[in-house]
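J.: Sharing protein05.cif here; it has mmCIF, C-alpha atoms.
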```
data_my_file
loop_
_atom_site.group_PDB
_atom_site.id
_atom_site.type_symbol
_atom_site.label_atom_id
_atom_site.label_comp_id
_atom_site.auth_asym_id
_atom_site.auth_seq_id
_atom_site.Cartn_x
_atom_site.Cartn_y
_atom_site.Cartn_z
ATOM 1 C CA MET R 1 0.000 0.000 0.000
ATOM 2 C CA PRO R 2 1.465 3.394 -0.937
ATOM 3 C CA TYR R 3 2.121 5.849 1.839
ATOM 4 C CA TYR R 4 1.978 9.567 1.243
ATOM 5 C CA ASN R 5 3.153 12.155 3.734
ATOM 6 C CA LEU R 6 0.189 14.357 4.662
ATOM 7 C CA SER R 7 2.460 17.301 5.407
ATOM 8 C CA ILE R 8 3.481 17.445 1.730
ATOM 9 C CA MET R 9 0.694 18.369 -0.667
ATOM 10 C CA PRO R 10 0.650 15.865 -3.543
ATOM 11 C CA SER R 11 0.597 17.194 -7.086
ATOM 12 C CA ASP R 12 -2.593 17.233 -9.126
ATOM 13 C CA THR R 13 -1.064 14.584 -11.376
ATOM 14 C CA GLU R 14 -0.414 12.313 -8.410
ATOM 15 C CA LEU R 15 -3.886 12.883 -7.003
ATOM 16 C CA PHE R 16 -5.724 12.292 -10.280
ATOM 17 C CA THR R 17 -3.693 9.236 -11.246
ATOM 18 C CA CYS R 18 -3.922 7.589 -7.826
ATOM 19 C CA LEU R 19 -7.659 8.209 -7.460
ATOM 20 C CA ALA R 20 -8.509 7.193 -11.026
ATOM 21 C CA GLY R 21 -6.218 4.170 -10.754
ATOM 22 C CA GLU R 22 -7.890 2.912 -7.575
ATOM 23 C CA ILE R 23 -11.384 3.389 -9.027
ATOM 24 C CA LEU R 24 -10.328 1.810 -12.334
ATOM 25 C CA ALA R 25 -8.892 -1.249 -10.562
ATOM 26 C CA ALA R 26 -12.044 -1.676 -8.457
ATOM 27 C CA THR R 27 -14.246 -1.307 -11.552
ATOM 28 C CA GLU R 28 -12.232 -3.940 -13.403
ATOM 29 C CA ARG R 29 -12.545 -6.322 -10.424
ATOM 30 C CA MET R 30 -16.313 -5.709 -10.388
ATOM 31 C CA ASN R 31 -16.588 -6.244 -14.167
ATOM 32 C CA ALA R 32 -14.685 -9.522 -13.799
ATOM 33 C CA GLY R 33 -17.146 -10.646 -11.127
ATOM 34 C CA ASP R 34 -14.539 -10.669 -8.373
ATOM 35 C CA VAL R 35 -16.250 -8.027 -6.216
ATOM 36 C CA LEU R 36 -19.720 -6.552 -5.840
ATOM 37 C CA GLU R 37 -20.840 -2.977 -6.392
ATOM 38 C CA ASP R 38 -20.727 -2.553 -2.596
ATOM 39 C CA ASP R 39 -16.954 -3.079 -2.810
ATOM 40 C CA LEU R 40 -16.386 -0.046 -5.049
ATOM 41 C CA PRO R 41 -14.526 2.747 -3.228
ATOM 42 C CA THR R 42 -16.022 5.755 -1.502
ATOM 43 C CA ALA R 43 -14.217 9.074 -1.035
ATOM 44 C CA ALA R 44 -13.489 8.092 2.569
ATOM 45 C CA ASP R 45 -12.112 4.699 1.463
ATOM 46 C CA LEU R 46 -9.788 6.392 -1.015
ATOM 47 C CA ALA R 47 -8.629 9.030 1.469
ATOM 48 C CA ARG R 48 -7.857 6.368 4.057
ATOM 49 C CA LYS R 49 -6.130 3.975 1.656
ATOM 50 C CA LEU R 50 -4.018 6.637 -0.075
ATOM 51 C CA ASN R 51 -3.478 8.691 3.088
ATOM 52 C CA TYR R 52 -4.848 11.911 1.557
ATOM 53 C CA ARG R 53 -7.068 14.480 3.218
ATOM 54 C CA LEU R 54 -10.755 13.724 2.637
ATOM 55 C CA GLU R 55 -11.470 17.291 1.462
ATOM 56 C CA THR R 56 -8.704 17.001 -1.155
ATOM 57 C CA VAL R 57 -10.006 13.644 -2.364
ATOM 58 C CA LYS R 58 -13.557 14.989 -2.697
ATOM 59 C CA LYS R 59 -12.332 18.008 -4.662
ATOM 60 C CA LYS R 60 -10.403 15.860 -7.169
ATOM 61 C CA LEU R 61 -13.214 13.302 -7.424
ATOM 62 C CA ARG R 62 -15.515 16.182 -8.378
ATOM 63 C CA VAL R 63 -13.215 17.019 -11.324
ATOM 64 C CA LEU R 64 -13.070 13.376 -12.424
ATOM 65 C CA LYS R 65 -16.870 13.199 -12.160
ATOM 66 C CA GLU R 66 -17.398 16.450 -14.099
ATOM 67 C CA GLU R 67 -15.272 15.050 -16.925
ATOM 68 C CA GLY R 68 -17.302 11.834 -16.858
ATOM 69 C CA LEU R 69 -14.377 9.569 -15.979
ATOM 70 C CA ILE R 70 -16.040 8.322 -12.819
ATOM 71 C CA GLN R 71 -19.691 7.864 -11.950
ATOM 72 C CA PRO R 72 -21.358 7.450 -8.593
ATOM 73 C CA VAL R 73 -23.244 4.159 -8.405
ATOM 74 C CA SER R 74 -24.909 4.647 -5.048
ATOM 75 C CA MET R 75 -26.012 7.563 -2.920
ATOM 76 C CA THR R 76 -25.203 6.672 0.693
ATOM 77 C CA PRO R 77 -22.363 6.045 0.818
ATOM 78 C CA LYS R 78 -21.456 7.323 -2.633
ATOM 79 C CA ARG R 79 -19.349 4.662 -4.380
ATOM 80 C CA TYR R 80 -17.554 5.281 -7.657
ATOM 81 C CA ARG R 81 -16.932 3.263 -10.794
ATOM 82 C CA PHE R 82 -14.740 4.150 -13.758
ATOM 83 C CA ASN R 83 -16.387 5.101 -17.062
ATOM 84 C CA PHE R 84 -14.159 3.785 -19.861
ATOM 85 C CA TRP R 85 -16.285 5.390 -22.578
ATOM 86 C CA ALA R 86 -15.545 8.868 -21.232
ATOM 87 C CA LEU R 87 -11.891 8.464 -22.249
ATOM 88 C CA LYS R 88 -12.969 8.829 -25.880
ATOM 89 C CA SER R 89 -14.675 12.169 -25.303
ATOM 90 C CA LEU R 90 -12.122 13.944 -23.094
ATOM 91 C CA ASP R 91 -11.184 17.373 -24.422
ATOM 92 C CA GLU R 92 -7.646 17.151 -25.808
ATOM 93 C CA ALA R 93 -6.737 20.395 -24.022
ATOM 94 C CA HIS R 94 -7.682 19.013 -20.583
ATOM 95 C CA VAL R 95 -4.908 17.822 -18.267
ATOM 96 C CA LEU R 96 -6.733 14.512 -17.795
ATOM 97 C CA HIS R 97 -6.500 13.817 -21.533
ATOM 98 C CA SER R 98 -2.718 14.154 -21.489
ATOM 99 C CA LEU R 99 -2.547 11.916 -18.391
ATOM 100 C CA PHE R 100 -4.840 9.087 -19.455
ATOM 101 C CA CYS R 101 -5.287 9.243 -23.232
ATOM 102 C CA GLU R 102 -1.809 9.943 -24.611
ATOM 103 C CA PRO R 103 -0.015 6.632 -25.355
ATOM 104 C CA ASP R 104 3.350 8.072 -24.265
ATOM 105 C CA SER R 105 2.012 9.019 -20.817
ATOM 106 C CA PRO R 106 3.096 6.720 -17.957
ATOM 107 C CA HIS R 107 -0.561 6.853 -16.789
ATOM 108 C CA TYR R 108 -2.091 5.924 -20.156
ATOM 109 C CA ILE R 109 -5.267 3.848 -19.861
ATOM 110 C CA GLU R 110 -5.650 1.439 -22.738
ATOM 111 C CA PHE R 111 -9.287 1.136 -23.684
ATOM 112 C CA HIS R 112 -10.464 -2.211 -25.100
ATOM 113 C CA HIS R 113 -14.128 -2.211 -24.147
#
```
Could I get this file's structure written as structure tokens?
T.:
Amino acid sequence: MPYYNLSIMPSDTELFTCLAGEILAATERMNAGDVLEDDLPTAADLARKLNYRLETVKKKLRVLKEEGLIQPVSMTPKRYRFNFWALKSLDEAHVLHSLFCEPDSPHYIEFHH
């Protein structure tokens, strides 16, 4: 499990890639039938696992949600799944496009679905 020092503010790149990566991995496990929807992460789960402040996690999740990359699948608690189709419609000028959609990015998400 990665450990991040709370006294050092992580970069946006680190935040977006860690959060999206955790949600992507959970979504893939759910799609494979290995876990149930109830096992998808909440903001609190992600903050605890990645050792980030909950307010910071919620702020970055909001950006991922606004871009359509993640979708809430329940209301209380709000659990998130990754939306692979949204990768195709990301604005090329957005920082998330360069992170996840450019093949030369170390955070590139290959889309086969």
J.: Mind giving me the straight-line distance from CA of Glu55 (chain R) to CA of Thr76 (chain R) in Å, one decimal?
T.: 17.4 Å
J.: Using only C-alpha atoms, which protein or nucleic acid residues come within 10 Å of region 26-31 of chain R? Drop anything in the same chain fewer than 6 positions from it, and give the result as a PyMOL selection string.
T.: chain R and resi 20+37-41+70+80-84
J.: So how far away is CA of Leu50 (chain R) from CA of Gln71 (chain R), in Å?
T.: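 Computed distance, CA of Gln71 (chain R) to CA of Leu50 (chain R), equals 19.7 Å.
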J.: Using all atoms listed in the file for the distances, tell me which of R:Glu22, R:Lys78, R:Thr17, R:Ala93 is nearest to Pro106 (chain R).
T.: R:Thr17
J.: Name the residues that the PyMOL selection byres ((chain R and resi 12) around 12) pulls out of this structure, and write them as a PDB file with C-alpha atoms, in the coordinates of the input.
T.:
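See part-v8.pdb below for the written result:
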```pdb
ATOM      1  CA  MET R   9       0.694  18.369  -0.667  1.00  0.00           C
ATOM      2  CA  PRO R  10       0.650  15.865  -3.543  1.00  0.00           C
ATOM      3  CA  SER R  11       0.597  17.194  -7.086  1.00  0.00           C
ATOM      4  CA  THR R  13      -1.064  14.584 -11.376  1.00  0.00           C
ATOM      5  CA  GLU R  14      -0.414  12.313  -8.410  1.00  0.00           C
ATOM      6  CA  LEU R  15      -3.886  12.883  -7.003  1.00  0.00           C
ATOM      7  CA  PHE R  16      -5.724  12.292 -10.280  1.00  0.00           C
ATOM      8  CA  THR R  17      -3.693   9.236 -11.246  1.00  0.00           C
ATOM      9  CA  CYS R  18      -3.922   7.589  -7.826  1.00  0.00           C
ATOM     10  CA  LEU R  19      -7.659   8.209  -7.460  1.00  0.00           C
ATOM     11  CA  ALA R  20      -8.509   7.193 -11.026  1.00  0.00           C
ATOM     12  CA  THR R  56      -8.704  17.001  -1.155  1.00  0.00           C
ATOM     13  CA  VAL R  57     -10.006  13.644  -2.364  1.00  0.00           C
ATOM     14  CA  LYS R  59     -12.332  18.008  -4.662  1.00  0.00           C
ATOM     15  CA  LYS R  60     -10.403  15.860  -7.169  1.00  0.00           C
ATOM     16  CA  LEU R  61     -13.214  13.302  -7.424  1.00  0.00           C
ATOM     17  CA  VAL R  63     -13.215  17.019 -11.324  1.00  0.00           C
ATOM     18  CA  LEU R  64     -13.070  13.376 -12.424  1.00  0.00           C
ATOM     19  CA  VAL R  95      -4.908  17.822 -18.267  1.00  0.00           C
ATOM     20  CA  LEU R  96      -6.733  14.512 -17.795  1.00  0.00           C
ATOM     21  CA  LEU R  99      -2.547  11.916 -18.391  1.00  0.00           C
TER      22      LEU R  99
END
```
